[in-house]
Structure formats: structure tokens, C-alpha cells
Amino acid sequence: MQEKEPETHGAPLRRFTDPAYVPLCANLAEVRENIDRLDRQIVSLLAERGRYVKDAARFKRDAFQVSAPQRQLEVIDKVKALAVKEGAYPEVVEAAYLALIAGFIAREQQDHLGMTAVEAKP
């Protein structure tokens with residue numbers, strides 16, 4: 001049997017057994033259009049988050065403060081709770097945020113290294 005990508009405009013091939021499940025789209029093409037729309041919004045939000053991460057570097061003395069391990073734990077706990085509240089998959093949200101935080105910390109470390117200290121005011 002030759003493997004191939006699914007038909008994007010065809011009818012569903014499977015159904016959920018959960019009677020409370022309500023389908024969102026008529027075909028896979030609609031699903032993908034909505035995912036693409038959400039991806040545009042997510043990337044825009046990540047860009048905004050990145051600007052705040054960059055700004056945060058101004059307030060940190062050293063690499064340890066940039067990594068802020070306690071803050072990392074707080075963020076993970078917060079987004080896992082938000083995931084439950086919003087009906088998202090907590091394990092997916094946690095995995096995504098662990099990767100996001102690692103990436104943002106690496107970027108903030110680079111930004112921090114390129115900064116100069118502010119002279120103390122007398």
C-alpha cells in the first residue's frame with residue numbers, strides 16, 4: 001500500500017465516539033485554513049512576547065538573572081493551569097512553553113551580552 005497525504009476536500013473518514021464532540025469544519029482544507037490563521041496570530045504574539053523579553057534584559061545583572069529559574073517554574077505552572085481552564089492539552093502547552101522559554105532565554109542571553117551597564121547615579 002502506497003502512503004499518501006490525506007484528501008483535503010473529502011468527507012471525514014473517522015468520527016469521535018464522544019457524543020459531546022462538535023465538529024468545527026466540513027473538510028481538512030477548512031481545518032488547515034483555520035490552523036494557518038491561528039499560526040499567523042501565534043507568531044505575531046510570539047514576536048510581541050520577544051520584544052518584552054528583550055526589554056526585560058535591561059533589568060537583569062547577569063546570566064543567572066536572565067535565566068531566572070524560579071520565574072521559569074512560575075510560568076510553566078501558570079500556563080498549565082491556563083491550559084486546563086481553556087480546554088487545551090496541558091502536556092502540549094507545557095512542552096511548547098518549555099521550548100519557548102529555552103529559546104527566549106538563549107536569545108535574551110545574547111541580547112544581555114551585547115549590552116553595557118548603566119552607570120550608577122550618585
# chains A, B, ... in the order shown; residues from 1 in each chain; ligands from 1
>>> residues_around(residues="range 34-49 of chain A", least_positions_apart="4", cutoff="10 Å", atoms="only C-alpha atoms", output="ChimeraX atom specification")
/A:24-25,28-30,53-55,100,104
>>> residues_around(residues="Glu108 in chain A", least_positions_apart="2", cutoff="9 Å", atoms="only C-alpha atoms", output="number ranges by chain")
A: 50, 53-57, 66-67, 103-106, 110-113
>>> atom_distance(atom1="CA of Lys80 in chain A", atom2="CA of Leu98 in chain A")
11.1 Å
>>> select_by_dssp(residues="chain A", states="helix (DSSP H, G or I)", output="PyMOL selection string")
chain A and resi 28-59+63-67+69-86+90-113
>>> atom_distance(atom1="CA of Ile101 in chain A", atom2="CA of Asp77 in chain A")
12.9 Å
>>> residues_around(residues="Val118 in chain A", least_positions_apart="4", cutoff="12 Å", atoms="only C-alpha atoms", output="compact mmCIF listing (two decimals) with N, CA and C atoms, in the first residue's frame")
# COMPACT_ATOMS: atom_id res chain seq x y z
N ARG A 58 17.20 44.50 30.19
CA ARG A 58 17.72 45.75 30.76
C ARG A 58 17.73 45.75 32.28
N PHE A 59 16.90 44.91 32.87
CA PHE A 59 16.72 44.92 34.31
C PHE A 59 17.48 43.80 35.04
N LYS A 60 18.31 43.08 34.28
CA LYS A 60 18.99 41.91 34.84
C LYS A 60 20.49 42.10 34.87
N ARG A 61 21.09 41.69 35.99
CA ARG A 61 22.52 41.93 36.24
C ARG A 61 23.42 40.93 35.52
>>> closest_residue(among="A:Arg107, A:Glu94, A:Ala26, A:Met115", to="Gln72 in chain A", atoms="only C-alpha atoms")
A:Glu94
>>> atom_distance(atom1="CA of Ala81 in chain A", atom2="CA of Ala95 in chain A")
13.7 Å
>>> closest_residue(among="A:Arg32, A:Thr8, A:Ala117, A:Thr17", to="Asp62 in chain A", atoms="only C-alpha atoms")
A:Ala117
